[in-house]
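Before any comments, here is the structure.
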Amino acid sequence: MRMRKKPNLDRRLEAASDMMISDPTALRGNWGAPVALEIGCGKGRFIIGTAEADPDQRYIGIEREPGALIMAMEATKRAELGNVRFISQDASNLSEWFAPGEVKTLYLNFSDPWPKSRHAKRRLTYRSFLDMYAAVLGESGELRFKTDNAGLFEFSVEELKERGWEILYLTRDLHAENIPNIVTEYEERFSALGFKINMLRAIPPKNPPKAE
Ligand SMILES: C[S@@+](CC[C@H](N)C(=O)[O-])C[C@H]1O[C@@H](n2cnc3c(N)ncnc32)[C@H](O)[C@@H]1O
């Protein structure tokens, strides 16, 4: 998400800094109960709505774009939500922040599709990311993925199968299903344009394949 530089961004980040976990590495192995994570939480509508409905679960949003993250942090502060906090870094460092099994649910919503094949490694469902998710999710965690992008969805299904994940549920038209769904900012925008929303839930392999 490329954003115009927001006026006073540094001042606003400072004012909302109590919403931020500035040194997640220091918490590795010490999160207490397993957390729910959203990678690329953008402006935060999904994580805030999900956390409001589930107040006993701790939610962590990861977002590398400060111009989006500030909106999520300010909205969390306004809502006085004690169970949502944020990491303002790139998710490729995830395994430095969470020990195996410390993540219960990992959400990817409308991840950047990186459609050129030479950029496949940047997709958040590329196998190196999936292997890292498998490690932090441990034996009882679950990945949930939504996207309007059919190409990214089919790629992700293939990557999951290739890396030994079990797909528990899959739909190529989420809004036609009668299941609870918190709509993200991108989801609202793309479904209004007529795109169908794909969604899957998957669990990591018991015996992960060796990293390539
Ligand atoms: C297309 S937006 C979707 C935002 C939101 N999830 C939604 O559905 O409205 C993707 C977001 O993921 C963030 N992102 C992409 N790759 C990331 C990474 N490796 N680490 C952290 N954030 C990332 C981008 O900065 C962007 O805000």
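Residue numbers start at 1 in each chain; chains themselves are named A, B, ... in the order of the structure tokens; ligands are numbered from 1 in the order shown.
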
(request) Run DSSP on the backbone and grab whatever in stretch 110-177 of chain A lands in helix (DSSP H, G or I); send it over as number ranges by chain. (result) A: 117-122, 127-137, 150-162, 174-176

What are the closest atom pairs, with distances in Å to one decimal, for all residues of chain A lying within 6 Å of ligand 1? Consider only C-alpha atoms and all ligand atoms, order rows by chain and residue number, and present the result as a tab-separated table.
residue	atom	partner	partner_atom_place_in_ligand_line	distance
A:Met1	CA	ligand 1	26 (C)	4.3
A:Ile39	CA	ligand 1	22 (N)	5.7
A:Gly40	CA	ligand 1	12 (O)	3.2
A:Cys41	CA	ligand 1	6 (N)	4.4
A:Gly42	CA	ligand 1	27 (O)	4.0
A:Ile62	CA	ligand 1	21 (C)	5.4
A:Glu63	CA	ligand 1	22 (N)	3.9
A:Arg64	CA	ligand 1	21 (C)	4.2
A:Glu65	CA	ligand 1	25 (O)	4.6
A:Asp90	CA	ligand 1	20 (N)	3.6
A:Ala91	CA	ligand 1	20 (N)	3.9
A:Ser92	CA	ligand 1	19 (N)	5.7
A:Asn109	CA	ligand 1	6 (N)	4.4
A:Phe110	CA	ligand 1	8 (O)	4.6
A:Ser111	CA	ligand 1	10 (C)	4.7
A:Asp112	CA	ligand 1	1 (C)	4.9
A:Thr184	CA	ligand 1	9 (O)	4.5
A:Glu185	CA	ligand 1	9 (O)	3.8
A:Tyr186	CA	ligand 1	9 (O)	3.8
A:Glu187	CA	ligand 1	8 (O)	5.8

May I have the residues from that selection written out with N, CA and C atoms, as a JSON list (two decimals), in the first residue's frame?
[["chain", "number", "residue", "atom", "x", "y", "z"],
["A", 1, "MET", "N", 0.86, -1.18, 0.00],
["A", 1, "MET", "CA", 0.00, 0.00, 0.00],
["A", 1, "MET", "C", 0.90, 1.24, 0.00],
["A", 39, "ILE", "N", -0.90, -10.22, 9.35],
["A", 39, "ILE", "CA", 0.25, -9.66, 8.64],
["A", 39, "ILE", "C", -0.26, -8.75, 7.52],
["A", 40, "GLY", "N", 0.19, -7.49, 7.54],
["A", 40, "GLY", "CA", -0.28, -6.51, 6.57],
["A", 40, "GLY", "C", -1.67, -6.01, 6.95],
["A", 41, "CYS", "N", -1.78, -5.54, 8.19],
["A", 41, "CYS", "CA", -3.12, -5.18, 8.72],
["A", 41, "CYS", "C", -3.62, -3.86, 8.17],
["A", 42, "GLY", "N", -2.78, -3.13, 7.43],
["A", 42, "GLY", "CA", -3.24, -1.88, 6.82],
["A", 42, "GLY", "C", -3.79, -0.92, 7.86],
["A", 62, "ILE", "N", 0.74, -6.67, 12.20],
["A", 62, "ILE", "CA", 2.08, -6.36, 11.66],
["A", 62, "ILE", "C", 1.88, -5.56, 10.38],
["A", 63, "GLU", "N", 2.54, -4.44, 10.30],
["A", 63, "GLU", "CA", 2.38, -3.57, 9.12],
["A", 63, "GLU", "C", 3.67, -2.78, 8.94],
["A", 64, "ARG", "N", 4.21, -2.86, 7.69],
["A", 64, "ARG", "CA", 5.50, -2.20, 7.48],
["A", 64, "ARG", "C", 5.34, -0.77, 6.96],
["A", 65, "GLU", "N", 4.11, -0.35, 6.65],
["A", 65, "GLU", "CA", 3.88, 0.98, 6.09],
["A", 65, "GLU", "C", 3.33, 1.90, 7.19],
["A", 90, "ASP", "N", 8.77, -5.31, 8.97],
["A", 90, "ASP", "CA", 8.49, -6.26, 7.90],
["A", 90, "ASP", "C", 8.31, -7.67, 8.49],
["A", 91, "ALA", "N", 7.29, -8.37, 8.03],
["A", 91, "ALA", "CA", 6.95, -9.68, 8.59],
["A", 91, "ALA", "C", 7.99, -10.75, 8.30],
["A", 92, "SER", "N", 8.96, -10.46, 7.44],
["A", 92, "SER", "CA", 9.95, -11.50, 7.15],
["A", 92, "SER", "C", 10.79, -11.85, 8.38],
["A", 109, "ASN", "N", -4.80, -10.91, 4.85],
["A", 109, "ASN", "CA", -5.96, -10.36, 4.16],
["A", 109, "ASN", "C", -5.52, -9.46, 3.02],
["A", 110, "PHE", "N", -5.86, -9.87, 1.80],
["A", 110, "PHE", "CA", -5.63, -9.03, 0.62],
["A", 110, "PHE", "C", -4.16, -8.64, 0.50],
["A", 111, "SER", "N", -3.32, -9.67, 0.69],
["A", 111, "SER", "CA", -1.87, -9.46, 0.58],
["A", 111, "SER", "C", -1.53, -8.99, -0.83],
["A", 112, "ASP", "N", -0.47, -8.19, -0.93],
["A", 112, "ASP", "CA", -0.05, -7.69, -2.24],
["A", 112, "ASP", "C", 0.20, -8.87, -3.18],
["A", 184, "THR", "N", -12.59, -6.28, 5.35],
["A", 184, "THR", "CA", -11.44, -5.38, 5.42],
["A", 184, "THR", "C", -11.66, -4.18, 4.49],
["A", 185, "GLU", "N", -10.77, -3.19, 4.59],
["A", 185, "GLU", "CA", -10.88, -2.02, 3.71],
["A", 185, "GLU", "C", -10.78, -2.43, 2.24],
["A", 186, "TYR", "N", -9.79, -3.29, 1.91],
["A", 186, "TYR", "CA", -9.62, -3.71, 0.52],
["A", 186, "TYR", "C", -10.79, -4.59, 0.06],
["A", 187, "GLU", "N", -11.27, -5.41, 0.95],
["A", 187, "GLU", "CA", -12.38, -6.31, 0.61],
["A", 187, "GLU", "C", -13.61, -5.50, 0.20]]

(message) Which residues are near A:Tyr59? Cut-off 9 Å, only C-alpha atoms, ignore same chain within fewer than 3 positions. Put them as a PyMOL selection string.
(response) chain A and resi 35-38+47-48+50-51+83-86

Only N, CA and C atoms, please: the residues just picked out, written as a PDB file, in the first residue's frame.
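The new file part_18.pdb reads:
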ATOM      1  N   VAL A  35      -0.948 -15.917  20.590  1.00  0.00           N
ATOM      2  CA  VAL A  35      -1.585 -14.701  20.076  1.00  0.00           C
ATOM      3  C   VAL A  35      -2.193 -14.959  18.691  1.00  0.00           C
ATOM      4  N   ALA A  36      -3.094 -14.070  18.281  1.00  0.00           N
ATOM      5  CA  ALA A  36      -3.592 -14.049  16.902  1.00  0.00           C
ATOM      6  C   ALA A  36      -2.857 -12.921  16.181  1.00  0.00           C
ATOM      7  N   LEU A  37      -2.445 -13.184  14.952  1.00  0.00           N
ATOM      8  CA  LEU A  37      -1.638 -12.202  14.190  1.00  0.00           C
ATOM      9  C   LEU A  37      -2.315 -11.858  12.885  1.00  0.00           C
ATOM     10  N   GLU A  38      -2.238 -10.603  12.480  1.00  0.00           N
ATOM     11  CA  GLU A  38      -2.573 -10.269  11.092  1.00  0.00           C
ATOM     12  C   GLU A  38      -1.340  -9.646  10.456  1.00  0.00           C
ATOM     13  N   ILE A  47      -8.570  -6.170  12.075  1.00  0.00           N
ATOM     14  CA  ILE A  47      -8.034  -6.626  13.368  1.00  0.00           C
ATOM     15  C   ILE A  47      -8.832  -6.001  14.518  1.00  0.00           C
ATOM     16  N   ILE A  48      -9.249  -4.767  14.339  1.00  0.00           N
ATOM     17  CA  ILE A  48     -10.005  -4.098  15.403  1.00  0.00           C
ATOM     18  C   ILE A  48     -11.384  -4.758  15.555  1.00  0.00           C
ATOM     19  N   THR A  50     -12.264  -7.773  14.678  1.00  0.00           N
ATOM     20  CA  THR A  50     -12.106  -9.151  15.150  1.00  0.00           C
ATOM     21  C   THR A  50     -11.792  -9.165  16.646  1.00  0.00           C
ATOM     22  N   ALA A  51     -10.937  -8.248  17.073  1.00  0.00           N
ATOM     23  CA  ALA A  51     -10.540  -8.204  18.492  1.00  0.00           C
ATOM     24  C   ALA A  51     -11.693  -7.719  19.379  1.00  0.00           C
ATOM     25  N   ASN A  83      -6.641  -5.350  23.914  1.00  0.00           N
ATOM     26  CA  ASN A  83      -6.149  -6.634  23.404  1.00  0.00           C
ATOM     27  C   ASN A  83      -5.607  -6.554  21.976  1.00  0.00           C
ATOM     28  N   VAL A  84      -5.301  -5.337  21.502  1.00  0.00           N
ATOM     29  CA  VAL A  84      -4.688  -5.191  20.168  1.00  0.00           C
ATOM     30  C   VAL A  84      -3.436  -4.326  20.273  1.00  0.00           C
ATOM     31  N   ARG A  85      -2.328  -4.824  19.724  1.00  0.00           N
ATOM     32  CA  ARG A  85      -1.106  -4.029  19.650  1.00  0.00           C
ATOM     33  C   ARG A  85      -0.446  -4.283  18.291  1.00  0.00           C
ATOM     34  N   PHE A  86       0.556  -3.505  17.959  1.00  0.00           N
ATOM     35  CA  PHE A  86       1.090  -3.517  16.596  1.00  0.00           C
ATOM     36  C   PHE A  86       2.618  -3.609  16.580  1.00  0.00           C
TER      37      PHE A  86
END

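Shortest separation to A:Gly29 among A:Leu130, A:Leu143, A:Ala99, A:Leu170 occurs at residue A:Ala99, atoms counted being only C-alpha atoms.
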
(message) Which residue is closest to A:Pro66? Choose from A:Val136, A:Lys43, A:Lys146, A:Leu108 and count only C-alpha atoms.
(response) A:Lys43

(request) Please run DSSP on the backbone and report, as a count of residues only, all residues within stretch 30-185 of chain A that come out as strand (DSSP E or B). (result) 32

(message) Between A:Phe98, A:Phe46, A:Phe155, A:Tyr133, which residue has the minimum interatomic distance to A:Thr25, considering only C-alpha atoms?
(response) A:Phe98

Can you pull out every residue within 10 Å of A:Lys6, counting only C-alpha atoms, but drop anything in the same chain fewer than 6 positions away, and send it as a PDB file with N, CA and C atoms, in the first residue's frame?
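Output (result.pdb):
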ATOM      1  N   ARG A  12       2.351  11.946  15.296  1.00  0.00           N
ATOM      2  CA  ARG A  12       1.213  11.050  15.557  1.00  0.00           C
ATOM      3  C   ARG A  12       1.688   9.658  15.991  1.00  0.00           C
ATOM      4  N   PRO A  66       4.173   2.780   7.738  1.00  0.00           N
ATOM      5  CA  PRO A  66       3.729   3.598   8.883  1.00  0.00           C
ATOM      6  C   PRO A  66       2.514   4.473   8.583  1.00  0.00           C
ATOM      7  N   GLY A  67       2.381   4.908   7.314  1.00  0.00           N
ATOM      8  CA  GLY A  67       1.243   5.761   6.946  1.00  0.00           C
ATOM      9  C   GLY A  67      -0.091   5.045   7.069  1.00  0.00           C
ATOM     10  N   ALA A  68      -0.100   3.721   6.909  1.00  0.00           N
ATOM     11  CA  ALA A  68      -1.326   2.937   7.137  1.00  0.00           C
ATOM     12  C   ALA A  68      -1.441   2.585   8.616  1.00  0.00           C
ATOM     13  N   ILE A  70      -0.495   4.018  11.285  1.00  0.00           N
ATOM     14  CA  ILE A  70      -0.929   5.061  12.216  1.00  0.00           C
ATOM     15  C   ILE A  70      -2.458   5.099  12.329  1.00  0.00           C
TER      16      ILE A  70
END

(message) Using Å and a single decimal, report how far atom CA of A:Pro34 sits from atom CA of A:Asn93.
(response) 17.9 Å

(request) Considering only C-alpha atoms, state which residue in the set A:Phe195, A:Ser156, A:Ile60, A:Ala176 is at the smallest distance from A:Lys121. (result) A:Ser156

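The list of residues with at least one atom within 8 Å of A:Leu160, based on only C-alpha atoms and without residues fewer than 4 positions apart in the same chain, reads Thr125, Arg127, Leu130, Ser156, Gly164, Trp165, Glu166 and Ile167 of chain A.
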
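Using only C-alpha atoms, the smallest distance between any of A:Met20, A:Met71, A:Ala150, A:Leu27 and A:Ile87 comes from A:Met20.
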